[in-house]
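Contents: one structure, followed by commentary.
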Amino acid sequence: MSLALATVAIAPAIEQEFAFSGADFERVRALIHQRAGINLLPGKQAMVYSRLSRRLRETGHSSFGAYLQWLESHPADTGEWQAFVNCLTTNLTSFFREDHHFVALADDLREREGRPLRIWCNAASTGEEPYSIAMTVVEALGASANVRILATDIDTHVLDSARRGVYEVGARGLSAERLKRHCLRGTGANAGAMRIRPELARLIEFKPFNLMSGVWSFGEPFDLVFCRNVMIYFDAATQRRVLERMHAAMRPGGLLYVGHSENFTDSRTLFRLRGKTIYERL
Ligand SMILES: C[S@@+](CC[C@H](N)C(=O)[O-])C[C@H]1O[C@@H](n2cnc3c(N)ncnc32)[C@H](O)[C@@H]1O
């Protein structure tokens, strides 16, 4: 038996609850790549085991092999596939993450003031990022700004929590001043929690969207797009395909904000570097 197909040792000292072979891991890798474009690196077996074990328990399967066979018997658009994807996404985020982008965003918004604007945040996770965009809009242009924000993610579970807009007081990245201005503090049983004010939340529409989708129909082109810390999970060919579609979905002169470790200077026929991890759509 080759090393790749040997049973994966997750924690040798502890007996594993579910059988999980190297072949099962390779199958998970292939399936999540097909579905979400996510390029799971070799060496992520322990992560896959811990994230999918709960699903095996919930669906009454006793091994990864049995679960994966059952999963693949489901048609493509059923809930089990969504649950599988939800388990394997990485959703780390915070308010005003990479805060230089929000300083630049405030300037960009002021430059475009007076025109209706469409912003797309397309790996919105649990919502801290689109709410940070909405706060910046209100601070730069006022509460009656003609700005619409579309917030999407492939993971429906994180989108549900984004829609609720409830976070812990003391959430990373949110200043006391912003908390006071843009959030309502919970009292009694909700002490320690805060909710995004409805007048801010109404600027945002939350929807599921897979960047691997072949159908990108969003109507009016976007002026500003946040696509941060998601392309790092895609291989180069997938990144290029997504960038081409993103280009088609944006207005010329529109701005694309990307994560700190993402570099698309190779796609110079589509985007030109305009600032620190900010690209202009050509
Ligand atoms: C690490 S989080 C980044 C969140 C946020 N953009 C930020 O920078 O803080 C990556 C997000 O990308 C989403 N994602 C992964 N693959 C995706 C895909 N194919 N289409 C849309 N979203 C995807 C995940 O569900 C996750 O919420």
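Letters A, B, ... mark the chains of the structure tokens in the order given; residue numbers begin at 1 per chain; ligand numbers begin at 1, in order shown.
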
So which bits of region 56-241 of chain A end up alpha helix (DSSP H) when you DSSP the backbone, as number ranges by chain? A: 56-59, 64-72, 79-88, 100-111, 128-141, 156-164, 176-182, 198-201, 236-241

Ligand 1 neighbours within 9 Å using only C-alpha atoms and all ligand atoms, as number ranges by chain: A: 33, 35-38, 85-86, 88-98, 121-130, 152-159, 208-213, 226-234, 258-259

Using DSSP on the backbone coordinates, identify all residues within region 6-247 of chain A classified as strand (DSSP E or B); present the result as a ChimeraX atom specification. /A:7,19,21,63,117-121,147-153,166-168,183-185,193-196,204-208,222-227

Record the distance separating CA of Pro42 (chain A) and CA of Gln69 (chain A), expressed in Å with one decimal.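 So the two atoms, CA of Pro42 (chain A) and CA of Gln69 (chain A), lie 21.5 Å apart.
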
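Using only C-alpha atoms, the nearest neighbour of Phe264 (chain A) within the list A:Trp81, A:Phe18, A:Tyr67, A:Tyr279 is A:Tyr279.
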
Non-local contacts of region 219-223 of chain A (9 Å; only C-alpha atoms; under 6 positions in same chain excluded) as a tab-separated table (two decimals) with C-alpha atoms, in the first residue's frame:
```tsv
chain	number	residue	atom	x	y	z
A	117	LEU	CA	-22.71	53.14	-6.01
A	118	ARG	CA	-22.75	49.35	-5.93
A	119	ILE	CA	-20.32	47.49	-3.72
A	120	TRP	CA	-19.82	43.71	-3.68
A	248	ALA	CA	-16.69	41.48	-16.49
A	249	ALA	CA	-18.87	42.22	-13.42
A	250	MET	CA	-17.16	45.57	-12.68
A	251	ARG	CA	-17.33	49.04	-14.12
A	252	PRO	CA	-14.13	50.35	-15.83
A	253	GLY	CA	-12.26	52.37	-13.20
A	254	GLY	CA	-13.84	50.25	-10.45
A	255	LEU	CA	-11.64	49.15	-7.56
A	256	LEU	CA	-10.86	45.64	-6.37
```

One decimal, in Å: what's the spacing between CA of Arg148 (chain A) and CA of Leu203 (chain A)?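 So the two atoms, CA of Arg148 (chain A) and CA of Leu203 (chain A), lie 5.6 Å apart.
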
For Gly192 (chain A), the closest of A:Tyr167, A:Phe84, A:Phe102, A:Phe206 counting only C-alpha atoms is A:Tyr167

Who sits within 8 Å of Arg29 (chain A), only C-alpha atoms, same chain under 4 positions skipped, as a list in words: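 Non-adjacent residues within range: Phe25, His33, Asn39 and Leu40 of chain A.
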
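Among the candidate residues A:His101, A:His61, A:Arg172, A:Arg55, the one lying nearest to Gln82 (chain A) is A:Arg55, with distances computed using only C-alpha atoms.
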
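The space between CA of Cys183 (chain A) and CA of Glu111 (chain A) spans 27.0 Å.
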
A:Ser261, A:Ser73, A:Val48, A:Ile278: which is nearest Ile32 (chain A), counting only C-alpha atoms?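 Nearest to Ile32 (chain A): A:Val48.
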
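Using only C-alpha atoms, the smallest distance between any of A:Ala106, A:Ala76, A:Leu52, A:Leu31 and Ser132 (chain A) comes from A:Ala106.
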
Point out the residue among A:Lys44, A:Arg197, A:His74, A:Arg178 with the least atom-to-atom distance to Gly22 (chain A), counting only C-alpha atoms.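 The closest residue to Gly22 (chain A) is A:Lys44.
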